[in-house]
file input-v9.txt (compact mmCIF, C-alpha atoms)
# COMPACT_ATOMS: atom_id res chain seq x y z
CA MET A 1 97.10 74.57 80.19
CA LEU A 2 98.03 75.55 76.65
CA SER A 3 101.60 76.42 75.79
CA ARG A 4 103.67 77.64 72.89
CA PRO A 5 106.93 75.92 71.95
CA MET A 6 109.55 75.24 74.63
CA PHE A 7 110.81 78.39 76.38
CA GLY A 8 107.95 80.43 74.91
CA VAL A 9 104.84 81.98 76.35
CA TYR A 10 102.75 80.02 78.81
CA VAL A 11 99.08 80.84 78.24
CA LEU A 12 97.47 80.84 81.65
CA GLY A 13 93.94 81.12 82.94
CA GLY A 14 92.98 84.00 85.19
CA ARG A 15 92.49 81.93 88.32
CA GLU A 16 94.86 82.08 91.25
CA PHE A 17 96.03 79.28 93.43
CA ALA A 18 94.15 79.13 96.70
CA ALA A 19 96.05 80.30 99.76
CA TYR A 20 96.74 77.67 102.35
CA SER A 21 97.87 77.41 105.96
CA ALA A 22 100.89 75.30 106.82
CA SER A 23 100.11 72.55 109.27
CA ALA A 24 102.57 71.19 111.78
CA SER A 25 105.02 69.07 109.82
CA GLU A 26 105.22 65.35 110.40
CA GLU A 27 108.74 65.35 109.00
CA ALA A 28 111.72 65.77 111.28
CA ASP A 29 113.55 69.10 111.40
CA ARG A 30 111.28 70.81 108.88
CA VAL A 31 111.10 74.60 108.72
CA GLN A 32 107.88 75.76 107.04
CA LEU A 33 106.28 79.14 106.32
CA ALA A 34 102.58 79.47 105.44
CA VAL A 35 103.14 81.48 102.26
CA PRO A 36 100.02 81.92 100.08
CA ARG A 37 100.17 80.74 96.48
CA PHE A 38 99.22 82.83 93.44
CA ARG A 39 99.45 81.97 89.77
CA GLN A 40 101.33 84.37 87.51
CA GLN A 41 99.02 86.41 85.30
CA LEU A 42 101.38 87.20 82.41
CA SER A 43 103.65 84.96 80.38
CA LEU A 44 106.87 86.26 81.99
CA SER A 45 105.69 87.76 85.30
CA CYS A 46 106.89 84.95 87.57
CA GLU A 47 109.12 87.30 89.60
CA MET A 48 106.27 89.67 90.41
CA ALA A 49 103.91 86.77 91.14
CA SER A 50 106.53 85.42 93.54
CA LEU A 51 106.98 88.82 95.18
CA ARG A 52 103.22 89.05 95.59
CA MET A 53 103.25 85.77 97.54
CA ALA A 54 106.11 86.92 99.75
CA ALA A 55 104.51 90.33 100.32
CA HIS A 56 101.17 88.80 101.31
CA PHE A 57 102.94 86.60 103.85
CA GLN A 58 104.46 89.78 105.31
CA LYS A 59 100.98 91.42 105.39
CA VAL A 60 101.70 93.83 102.55
CA LEU A 61 98.92 93.28 100.02
CA HIS A 62 99.38 94.15 96.36
CA SER A 63 98.07 92.71 93.13
CA GLU A 64 100.49 91.38 90.54
CA ALA A 65 99.44 94.24 88.26
CA ASP A 66 100.50 96.75 90.95
CA LEU A 67 103.94 95.16 91.16
CA VAL A 68 104.38 94.97 87.39
CA ARG A 69 103.68 98.71 87.18
CA ILE A 70 106.45 99.38 89.73
CA LEU A 71 108.94 96.97 88.14
CA PRO A 72 111.72 98.79 86.22
CA ARG A 73 111.50 97.67 82.59
CA ASP A 74 113.46 98.37 79.44
CA PRO A 75 111.23 97.68 76.42
CA ALA A 76 114.16 97.62 73.97
CA GLN A 77 114.56 94.34 72.12
CA PRO A 78 117.80 92.28 71.98
CA ARG A 79 120.11 93.11 69.09
CA MET A 80 123.37 91.90 67.61
CA VAL A 81 126.29 94.35 67.75
CA ASP A 82 129.67 93.20 66.36
CA LYS A 83 128.48 89.59 66.64
CA LYS A 84 127.58 90.08 70.32
CA LEU A 85 124.07 89.93 71.74
CA VAL A 86 123.26 93.21 73.51
CA TRP A 87 120.26 93.71 75.78
CA ALA A 88 119.30 95.38 79.06
CA ASP A 89 120.84 94.18 82.33
CA ALA A 90 118.42 91.73 83.99
CA ASN A 91 119.99 92.49 87.37
CA ARG A 92 118.55 96.01 87.18
CA VAL A 93 115.50 95.94 84.91
CA PHE A 94 113.19 93.56 83.12
CA PRO A 95 114.43 93.33 79.49
CA GLY A 96 111.89 93.40 76.70
CA ASN A 97 108.22 92.44 76.72
CA ILE A 98 106.82 90.94 79.94
CA ARG A 99 103.92 89.55 77.90
CA GLY A 100 106.18 88.04 75.27
CA TRP A 101 108.28 84.99 74.53
CA GLN A 102 111.23 84.24 76.80
CA LEU A 103 114.51 84.59 74.93
CA TYR A 104 116.65 81.46 74.96
CA HIS A 105 120.05 80.57 73.56
CA GLY A 106 119.77 80.62 69.78
CA GLY A 107 116.33 82.20 69.80
CA MET A 108 117.40 85.30 67.91
CA SER A 109 118.57 83.27 64.93
CA GLN A 110 115.65 80.82 64.99
CA TYR A 111 112.93 83.48 65.25
CA PRO A 112 114.42 86.75 63.89
CA ARG A 113 111.00 88.37 63.41
CA ARG A 114 110.18 88.36 67.11
CA ALA A 115 112.57 91.21 67.86
CA LYS A 116 110.94 93.28 65.09
CA SER A 117 107.50 92.69 66.58
CA ASN A 118 108.56 93.41 70.19
CA GLY A 119 108.12 89.73 70.95
CA TRP A 120 111.10 88.87 73.17
CA GLY A 121 111.22 89.17 76.94
CA TYR A 122 113.22 87.47 79.66
CA GLY A 123 112.98 88.04 83.42
CA VAL A 124 114.56 90.00 86.24
CA TYR A 125 117.08 88.82 88.83
CA ALA A 126 117.18 89.24 92.60
CA PRO A 127 118.41 92.89 92.76
CA GLY A 128 115.51 93.99 90.54
CA ILE A 129 113.01 92.07 92.68
CA ALA A 130 114.55 93.63 95.78
CA GLU A 131 114.09 97.12 94.35
CA VAL A 132 110.36 96.56 93.87
CA ALA A 133 110.07 95.04 97.36
CA THR A 134 111.66 98.07 99.00
CA LYS A 135 109.41 100.41 97.02
CA ILE A 136 106.36 98.79 98.66
CA GLY A 137 107.92 99.07 102.11
CA LEU A 138 109.38 95.59 102.61
CA ARG A 139 112.85 94.62 103.68
CA ALA A 140 114.89 92.83 101.02
CA GLU A 141 118.27 91.11 101.23
CA VAL A 142 119.96 89.74 98.11
CA PHE A 143 122.16 86.66 98.46
CA ASP A 144 124.33 84.57 96.13
CA GLU A 145 124.87 81.49 98.32
CA VAL A 146 122.23 78.80 98.71
CA ASP A 147 122.69 78.95 102.47
CA GLY A 148 120.90 82.30 102.28
CA VAL A 149 117.70 80.41 101.46
CA TYR A 150 117.78 78.39 104.68
CA THR A 151 118.89 81.31 106.84
CA ALA A 152 116.05 83.43 105.49
CA LEU A 153 113.47 80.76 106.33
CA ASP A 154 114.92 80.38 109.82
CA ARG A 155 114.40 84.12 110.29
CA GLY A 156 110.82 84.15 109.00
CA GLN A 157 111.81 85.81 105.73
CA VAL A 158 110.55 84.52 102.38
CA PRO A 159 113.22 83.59 99.80
CA ILE A 160 112.62 84.12 96.10
CA VAL A 161 115.15 82.36 93.87
CA ILE A 162 115.90 82.13 90.15
CA VAL A 163 116.07 78.57 88.79
CA PRO A 164 115.09 76.72 85.59
CA CYS A 165 111.34 76.08 85.33
CA ARG A 166 109.65 72.68 85.64
CA GLY A 167 111.90 71.61 88.52
CA LYS A 168 114.96 71.11 86.35
CA SER A 169 118.44 71.43 87.83
CA THR A 170 120.34 71.65 84.53
CA THR A 171 119.81 73.82 81.47
CA ARG A 172 121.80 75.78 78.91
CA LYS A 173 123.76 78.61 80.52
CA TRP A 174 124.74 81.51 78.27
CA GLN A 175 125.17 85.29 78.34
CA TRP A 176 124.58 88.60 76.66
CA TYR A 177 126.10 92.06 77.12
CA SER A 178 124.46 95.14 78.60
CA PRO A 179 124.63 98.41 76.61
CA GLN A 180 127.39 99.39 79.07
CA GLY A 181 129.42 96.32 78.10
CA GLU A 182 128.78 94.27 81.25
CA VAL A 183 128.30 90.50 80.95
CA VAL A 184 124.76 89.44 81.85
CA PRO A 185 124.52 85.70 82.66
CA ALA A 186 121.41 83.90 81.44
CA ILE A 187 119.83 80.46 81.43
CA ASN A 188 117.25 78.83 79.20
CA SER A 189 113.84 78.49 80.82
CA GLN A 190 114.62 81.06 83.52
CA HIS A 191 111.99 81.12 86.29
CA ALA A 192 111.36 82.57 89.75
CA ILE A 193 109.90 80.52 92.60
CA VAL A 194 109.20 81.08 96.29
CA VAL A 195 110.84 78.75 98.81
CA THR A 196 108.50 77.99 101.70
CA GLY A 197 110.25 75.27 103.69
CA TYR A 198 113.10 72.80 103.99
CA ASN A 199 114.63 69.96 105.93
CA ASP A 200 117.82 67.98 105.38
CA ARG A 201 116.29 66.06 102.45
CA ARG A 202 113.70 68.26 100.76
CA VAL A 203 112.93 71.86 99.79
CA TRP A 204 109.30 72.99 99.40
CA VAL A 205 108.30 75.76 97.01
CA ASN A 206 105.42 77.79 95.61
CA ASP A 207 105.74 77.81 91.83
CA PRO A 208 103.83 80.61 90.00
CA LEU A 209 103.21 78.14 87.16
CA GLY A 210 101.96 75.45 89.54
CA GLN A 211 104.30 72.79 88.13
CA VAL A 212 106.61 72.12 91.11
CA SER A 213 105.86 71.77 94.81
CA ALA A 214 109.06 70.24 96.18
CA TYR A 215 112.65 69.39 95.22
CA ASP A 216 115.15 66.93 96.51
CA ARG A 217 117.54 69.24 98.33
CA VAL A 218 120.52 68.28 96.17
CA VAL A 219 118.52 69.02 93.01
CA PHE A 220 117.36 72.39 94.35
CA GLU A 221 120.88 73.44 95.30
CA ARG A 222 122.17 72.48 91.86
CA ALA A 223 119.39 74.52 90.23
CA PHE A 224 120.10 77.56 92.40
CA ALA A 225 123.82 77.44 91.62
CA LEU A 226 123.21 78.09 87.90
CA LEU A 227 122.62 81.80 88.51
CA ALA A 228 123.13 82.13 92.28
CA SER A 229 120.43 84.80 92.47
CA GLY A 230 118.11 85.02 95.46
CA VAL A 231 116.39 87.62 97.62
CA ALA A 232 114.96 87.25 101.11
CA ILE A 233 111.78 89.29 101.61
CA GLY A 234 111.28 90.45 105.18
CA PRO A 235 108.55 92.40 106.96
CA PRO A 236 108.28 96.18 106.93
CA LYS A 237 110.48 97.89 109.49
CA THR A 238 107.49 98.65 111.68
CA SER A 239 106.31 95.02 111.74
CA LEU A 240 107.24 92.25 114.13
CA PRO A 241 109.14 89.27 112.64
CA ALA A 242 106.98 86.37 111.49
CA ARG A 243 106.79 83.29 113.67
CA VAL A 244 108.35 80.19 112.13
CA LYS A 245 107.60 76.55 112.80
CA ARG A 246 111.04 75.03 112.99
CA ILE A 247 113.63 72.81 114.57
CA VAL A 248 116.95 74.38 113.64
CA PHE A 249 119.83 72.24 112.43
CA GLY A 250 123.39 72.45 113.71
CA PRO A 251 125.76 75.36 112.94
CA ARG A 252 125.87 76.53 109.37
CA SER A 253 128.19 79.07 107.77
CA LEU A 254 126.47 82.40 107.16
CA ASN A 255 127.93 83.58 103.88
CA TRP A 256 125.07 86.10 103.83
CA PRO A 257 123.96 89.04 101.74
CA PHE A 258 126.11 91.18 99.49
CA TRP A 259 123.18 93.63 99.16
CA LYS A 260 120.42 94.64 101.54
CA SER A 261 117.81 97.32 101.86
CA GLU A 262 118.31 100.15 104.32

call {"tool": "encode", "arguments": {"input": "input-v9.txt", "output": "structure tokens"}}
result
Amino acid sequence: MLSRPMFGVYVLGGREFAAYSASASEEADRVQLAVPRFRQQLSLSCEMASLRMAAHFQKVLHSEADLVRILPRDPAQPRMVDKKLVWADANRVFPGNIRGWQLYHGGMSQYPRRAKSNGWGYGVYAPGIAEVATKIGLRAEVFDEVDGVYTALDRGQVPIVIVPCRGKSTTRKWQWYSPQGEVVPAINSQHAIVVTGYNDRRVWVNDPLGQVSAYDRVVFERAFALLASGVAIGPPKTSLPARVKRIVFGPRSLNWPFWKSE
């Protein structure tokens, strides 16, 4: 796979990952969902590729292109106003160019021409993913505690979370301001992945870039905490809940969603 410089565009082939069926786990206390895997088709479309995986698991079939068309986007480029970086709110819309380079801390000063050529993009956080999910008829519950990941899997829902790419648990955390003056948190190398399973030691994922398949649980939880942005994708209201292969652990606190679809 060819790539541009770090935090830039990933040039991907058109092929998708093959779907797979989860077999009975040989590891103790493992919860596992048979979520199909698809490769992202655009440089910064990891959130919509992840939603496509979750939707297919819930028997709602859409192409990534369909989801990108539905995704709220603000094509405006980042700009400096009174020495502050101003850009669209990634909690609500996708800022910039979904086919472009991902903005990182210091990127505006290092590559000033990219904004003039509509080159910068970023990503969208859990509330924006949830909005697209509800528009295609799925249930969606946004959470900001890592326990929401495990609770979702226990319920047969598919969690999508925002973490650094390449399985990292640490990266530069920074911020910009929305046009309304709200602080928008950001991280370098922002990426969306689908969580498919867990036990007390490991967390298994589908990565739209195909670079990560599992995390040590401590590493995953540290990565999630950087932005604390996740959404559990459930079946349409008319569908029966998915069956989950699981052995549930002991009691766990349910500090559960601050947002959910109706």

call {"tool": "residues_around", "arguments": {"input": "input-v9.txt", "residues": "range 100-116 of chain A", "least_positions_apart": "5", "cutoff": "8 Å", "atoms": "only C-alpha atoms", "output": "PyMOL selection string"}}
result
chain A and resi 7-9+43-44+77-79+121-123+172+174+187-189

call {"tool": "closest_residue", "arguments": {"input": "input-v9.txt", "among": "A:Val124, A:Leu153, A:Glu145, A:Gly167", "to": "Gln211 in chain A", "atoms": "only C-alpha atoms"}}
result
A:Gly167

call {"tool": "closest_residue", "arguments": {"input": "input-v9.txt", "among": "A:Ala88, A:Val31, A:Leu42, A:Val158", "to": "Asp74 in chain A", "atoms": "all atoms listed in the file"}}
result
A:Ala88

call {"tool": "closest_residue", "arguments": {"input": "input-v9.txt", "among": "A:Val219, A:Ile70, A:Val205, A:Val93", "to": "Ser178 in chain A", "atoms": "only C-alpha atoms"}}
result
A:Val93

call {"tool": "atom_distance", "arguments": {"input": "input-v9.txt", "atom1": "CA of Lys84 in chain A", "atom2": "CA of Pro127 in chain A"}}
result
24.4 Å

call {"tool": "decode", "arguments": {"input": "input-v9.txt", "residues": "range 27-63 of chain A", "atoms": "C-alpha atoms", "output": "mmCIF file, in the first residue's frame"}}
result
data_model
loop_
_atom_site.group_PDB
_atom_site.id
_atom_site.type_symbol
_atom_site.label_atom_id
_atom_site.label_comp_id
_atom_site.auth_asym_id
_atom_site.auth_seq_id
_atom_site.Cartn_x
_atom_site.Cartn_y
_atom_site.Cartn_z
ATOM 1 C CA GLU A 27 -10.536 -18.091 24.739
ATOM 2 C CA ALA A 28 -12.333 -17.848 28.052
ATOM 3 C CA ASP A 29 -15.082 -15.269 28.529
ATOM 4 C CA ARG A 30 -14.846 -13.896 24.996
ATOM 5 C CA VAL A 31 -17.745 -11.953 23.493
ATOM 6 C CA GLN A 32 -17.562 -11.929 19.683
ATOM 7 C CA LEU A 33 -19.769 -10.574 16.886
ATOM 8 C CA ALA A 34 -19.408 -11.768 13.281
ATOM 9 C CA VAL A 35 -19.075 -8.289 11.778
ATOM 10 C CA PRO A 36 -18.015 -8.239 8.093
ATOM 11 C CA ARG A 37 -14.892 -6.306 7.151
ATOM 12 C CA PHE A 38 -14.665 -3.688 4.398
ATOM 13 C CA ARG A 39 -11.754 -1.497 3.392
ATOM 14 C CA GLN A 40 -12.316 2.246 3.252
ATOM 15 C CA GLN A 41 -12.535 3.562 -0.299
ATOM 16 C CA LEU A 42 -11.457 7.175 0.258
ATOM 17 C CA SER A 43 -8.491 8.618 2.117
ATOM 18 C CA LEU A 44 -10.578 9.892 5.056
ATOM 19 C CA SER A 45 -13.754 7.781 4.900
ATOM 20 C CA CYS A 46 -12.945 5.438 7.794
ATOM 21 C CA GLU A 47 -16.096 6.434 9.721
ATOM 22 C CA MET A 48 -18.401 5.579 6.826
ATOM 23 C CA ALA A 49 -16.497 2.363 6.101
ATOM 24 C CA SER A 50 -16.946 1.437 9.766
ATOM 25 C CA LEU A 51 -20.652 2.285 9.660
ATOM 26 C CA ARG A 52 -20.998 0.133 6.562
ATOM 27 C CA MET A 53 -19.589 -2.841 8.494
ATOM 28 C CA ALA A 54 -21.920 -2.246 11.434
ATOM 29 C CA ALA A 55 -24.930 -1.750 9.156
ATOM 30 C CA HIS A 56 -24.239 -4.964 7.240
ATOM 31 C CA PHE A 57 -24.088 -6.868 10.523
ATOM 32 C CA GLN A 58 -27.533 -5.448 11.329
ATOM 33 C CA LYS A 59 -28.804 -6.516 7.854
ATOM 34 C CA VAL A 60 -28.998 -2.972 6.490
ATOM 35 C CA LEU A 61 -26.958 -3.007 3.289
ATOM 36 C CA HIS A 62 -25.421 0.165 1.887
ATOM 37 C CA SER A 63 -22.281 0.935 -0.052
#
